[in-house]
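Trainee: The structure under discussion is supplied below as structure tokens; questions concerning it will follow.
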Amino acid sequence: MALNLIIGNKNYSSWSMRPWIGLKVAGIPFDEEVISLYDEGSRAKILAHSPAGKVPILIDGDVRVWESLAILEYLAERFSGFGFWPADLTARAHARAISTEMHAGFVPFRSECSMNFWRPPAKRTLSAEAQANIARVQEIWTEARATYGAGGPFLFGKFSAADAMYAPVVQRFIAYDIDVSAPVKAYMQAMTALPAWKEWRRAALSEPWVIPTFEYDWPEVKRLPAEAA
Amino acid sequence: MKLVIGNKNYSSWSFRPWFAMKVLGIPFEEILIPFGSPVGNADFKAQVGRYSPAGLVPVLVDGDIHVWETLAIFEYLSEKFPEKQLWPADPRARAEARVIASEMHAGFLPLRTECPVNFRRPVRTRALSAAAQANVARLEAIWNGCVARYGGPFLFGKFCAADAMFAPGVARMRTYGIKVGPETLAYMEAMMALPAWDQWCGAALKETWIVAEDEVDWPTVLTA
């Protein structure tokens with residue numbers, strides 16, 4: 001039976017993007033169900049799949065896994081051939097550390113720059129905390145690229161779960177026109193060049209659902225036309 | 001192997017890997033870097049920064065490998081000591097254990113903010129927000145669901161990393177006198193009966209550093 005991934009809006013749901021892009025890049029077939037968040041009845045639909053009431057949720061037969069990091073660990077075991085984590089022990093430990101740091105961290109940055117694919121890139125005034133988060137993310141990417149990235153354009157050379165964890169941050173950097181160093185820019189370009197990235201973005205830009213909380217120019221909704229993808 | 005931790009009285013994150021390694025019998029040397037006052041440690045970030053670029057405790061140091069973030073430490077230990085079974089052996093139980101560990105890792109903020117870990121504080125009830133009460137209900141559902149399905153006394157039968165993730169949750173429930181059901185209480189008692197619990201708690205009570213933000217009765221500091 002095919003895997004089923006329950007996700008939220010592609011335009012806004014950063015957590016959903018993580019396992020989705022991981023599965024796509026790994027070439028693992030799966031069905032997807034999009035539940036538009038904050039819509040009437042969306043909570044009940046999510047709760048029907050997981051008692052935590054959060055997307056994404058991976059359904060594999062009678063196994064249900066939620067929380068992006070747990071999903072990625074599950075996929076790493078289930079599809080060990082792909083190598084979701086780097087093969088080298090030190091690199092793998094580092095990949096897990098930075099993935100976990102992403103999982104619970106960077107809250108000021110995340111709340112001030114929510115993921116939004118259709119937002120035309122434009123700067124926002126950010127708090128000192130959010131700026132510190134941005135500096136730390138750039139440090140993480142630059143260090144991983146410099147130390148482990150020789151074999152390819154991603155954090156650990158070849159695409160890994162760590163890249164999946166940081167994919168939404170790449171989009172935040174784009175949407176809020178964050179000033180970045182040349183190596184960071186090169187990494188972001190490698191991510192946005194992925195066919196999976198383009199597929200997600202195309203779908204995001206054609207979604208009809210607008211969530212005011214994530215639209216900082218509300219009541220105006222600035223959005224790139226679907227054709228821009 | 002070395003484990004870099006913060007104060008035992010307050011550092012919930014430090015408690016998790018320390019507790020797991022003690023319960024599972026993984027030997028390590030402990031390096032404690034205190035934060036807090038009046039002794040204070042303005043140098044905390046710099047001292048931790050020697051071990052981890054994120055500047056956070058805990059950090060596991062194994063030769064030239066430095067692992068920070070509790071969950072990443074557990075995954076590292078799980079690979080290094082497969083015989084210790086940091087995660088349950090059954091793939092399905094293992095997936096579930098990782099799910100609830102991740103849920104703990106990034107969640108329960110209202111409860112964590114309103115009820116900071118503070119072993120020294122005598123048990124006193126505290127009024128909780130609706131959001132924190134919802135966190136308590138979710139914790140009870142997770143614990144009781146696992147114990148019922150896997151047979152207890154720990155979440156997946158024998159003690160594993162998921163229990164370690166919730167150890168500070170047990171301490172919070174106790175310290176703030178949170179009303180819980182009998183099944184929840186039985187799980188808490190199983191956790192607190194582990195010798196490693198007393199060992200950590202005993203050391204915490206001897207500490208003199210005070211962190212005002214974690215003292216909910218501030219400027220009063222309640223001590224047993």
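Residue names in the structure tokens use chain letters A, B, ... in the order shown, residue numbers from 1 in each chain, and ligand numbers from 1 in the order shown.
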Compute the chain B side of the contact with chain A at 7 Å, counting only C-alpha atoms, and hand it back as an MDAnalysis selection string.

Mentor: chainID B and resid 65 67:69 71:72 76 92 95:96 98:99 102:103 105:106

Trainee: Emit the selected residues as a CSV table (one decimal), in the first residue's frame, including N, CA and C atoms.

Mentor:
chain,number,residue,atom,x,y,z
B,65,ILE,N,33.7,14.3,18.3
B,65,ILE,CA,32.3,14.5,17.9
B,65,ILE,C,31.5,15.2,19.0
B,67,VAL,N,27.8,16.6,19.9
B,67,VAL,CA,26.4,16.5,19.6
B,67,VAL,C,25.6,17.4,20.5
B,68,TRP,N,24.8,18.3,20.0
B,68,TRP,CA,24.0,19.1,20.9
B,68,TRP,C,22.5,18.8,20.5
B,69,GLU,N,21.6,19.3,21.2
B,69,GLU,CA,20.2,19.0,21.1
B,69,GLU,C,19.9,17.6,21.6
B,71,LEU,N,17.4,15.4,21.4
B,71,LEU,CA,17.0,14.3,20.5
B,71,LEU,C,18.1,13.8,19.7
B,72,ALA,N,19.0,14.7,19.2
B,72,ALA,CA,20.1,14.3,18.4
B,72,ALA,C,21.1,13.5,19.3
B,76,TYR,N,22.2,9.6,18.6
B,76,TYR,CA,23.6,9.3,18.6
B,76,TYR,C,23.9,8.1,19.5
B,92,ARG,N,7.3,-0.3,15.0
B,92,ARG,CA,6.1,0.5,15.1
B,92,ARG,C,6.2,1.2,16.5
B,95,ALA,N,8.6,4.0,16.1
B,95,ALA,CA,8.1,5.2,15.4
B,95,ALA,C,7.2,6.0,16.4
B,96,GLU,N,6.4,5.3,17.2
B,96,GLU,CA,5.6,6.1,18.1
B,96,GLU,C,6.4,6.8,19.2
B,98,ARG,N,9.4,7.9,18.9
B,98,ARG,CA,10.0,9.1,18.3
B,98,ARG,C,9.0,10.2,18.1
B,99,VAL,N,7.8,9.8,17.7
B,99,VAL,CA,6.7,10.9,17.6
B,99,VAL,C,6.5,11.6,18.9
B,102,SER,N,9.4,13.8,19.8
B,102,SER,CA,9.5,15.0,19.0
B,102,SER,C,8.4,16.0,19.5
B,103,GLU,N,7.2,15.5,19.8
B,103,GLU,CA,6.1,16.3,20.3
B,103,GLU,C,6.6,17.1,21.5
B,105,HIS,N,9.7,17.6,22.3
B,105,HIS,CA,10.8,18.5,22.0
B,105,HIS,C,10.4,19.9,21.6
B,106,ALA,N,9.3,20.0,20.8
B,106,ALA,CA,9.0,21.3,20.3
B,106,ALA,C,7.7,21.8,20.9

Trainee: Which neighbours of region 109-111 of chain A fall inside 10 Å, counting only C-alpha atoms, when residues of the same chain fewer than 3 positions from it are skipped, and could you give them as a ChimeraX atom specification?

Mentor: /A:14,105-106,114-115,126-134,168-169,172,214

Trainee: Could you write those residues out with N, CA and C atoms, as a compact mmCIF listing (two decimals), in the first residue's frame?

Mentor:
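As written to disk, result_33.txt reads:
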# COMPACT_ATOMS: atom_id res chain seq x y z
N SER A 14 4.95 25.30 6.62
CA SER A 14 6.37 24.98 6.57
C SER A 14 6.63 23.55 7.05
N GLY A 105 13.69 25.46 17.37
CA GLY A 105 14.31 26.76 17.56
C GLY A 105 13.86 27.84 16.60
N PHE A 106 14.56 28.95 16.65
CA PHE A 106 14.37 30.09 15.76
C PHE A 106 12.94 30.64 15.80
N SER A 114 6.81 34.34 8.54
CA SER A 114 6.18 33.04 8.30
C SER A 114 6.34 32.67 6.83
N MET A 115 6.35 31.36 6.60
CA MET A 115 6.59 30.91 5.24
C MET A 115 5.43 31.33 4.35
N LEU A 126 12.83 43.57 11.33
CA LEU A 126 12.88 42.40 12.21
C LEU A 126 13.49 42.75 13.57
N SER A 127 13.06 42.02 14.59
CA SER A 127 13.60 42.20 15.94
C SER A 127 15.05 41.73 15.99
N ALA A 128 15.75 42.14 17.03
CA ALA A 128 17.14 41.71 17.21
C ALA A 128 17.21 40.19 17.36
N GLU A 129 16.19 39.61 18.03
CA GLU A 129 16.18 38.15 18.22
C GLU A 129 16.07 37.44 16.87
N ALA A 130 15.17 37.93 16.01
CA ALA A 130 15.00 37.30 14.70
C ALA A 130 16.28 37.44 13.89
N GLN A 131 16.93 38.60 14.02
CA GLN A 131 18.19 38.79 13.29
C GLN A 131 19.28 37.84 13.80
N ALA A 132 19.27 37.60 15.11
CA ALA A 132 20.24 36.64 15.66
C ALA A 132 19.95 35.24 15.12
N ASN A 133 18.67 34.90 15.00
CA ASN A 133 18.30 33.60 14.42
C ASN A 133 18.82 33.48 12.99
N ILE A 134 18.65 34.54 12.22
CA ILE A 134 19.10 34.54 10.82
C ILE A 134 20.62 34.34 10.75
N PRO A 168 12.00 25.19 4.35
CA PRO A 168 11.12 26.35 4.54
C PRO A 168 11.90 27.63 4.90
N VAL A 169 13.06 27.47 5.52
CA VAL A 169 13.85 28.65 5.87
C VAL A 169 14.42 29.29 4.60
N ARG A 172 11.75 31.41 3.38
CA ARG A 172 11.60 32.62 4.21
C ARG A 172 12.68 33.64 3.84
N PHE A 214 -0.93 35.11 8.37
CA PHE A 214 0.37 34.97 7.72
C PHE A 214 0.59 36.00 6.61

Trainee: Any idea what the distance is between CA of Ala46 (chain B) and CA of Ala212 (chain B)?

Mentor: 21.0 Å

Trainee: Interatomic distance between CA of Cys113 (chain A) and CA of Lys222 (chain A)?

Mentor: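 Between CA of Cys113 (chain A) and CA of Lys222 (chain A) the gap works out to 14.7 Å.
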
Trainee: By how many Å are CA of Val117 (chain B) and CA of Phe44 (chain B) apart?

Mentor: 19.3 Å

Trainee: For Ile6 (chain A), which of A:Ile46, A:Ala204, A:Gly41, A:Val25 is the closest residue, counting only C-alpha atoms?

Mentor: A:Ile46
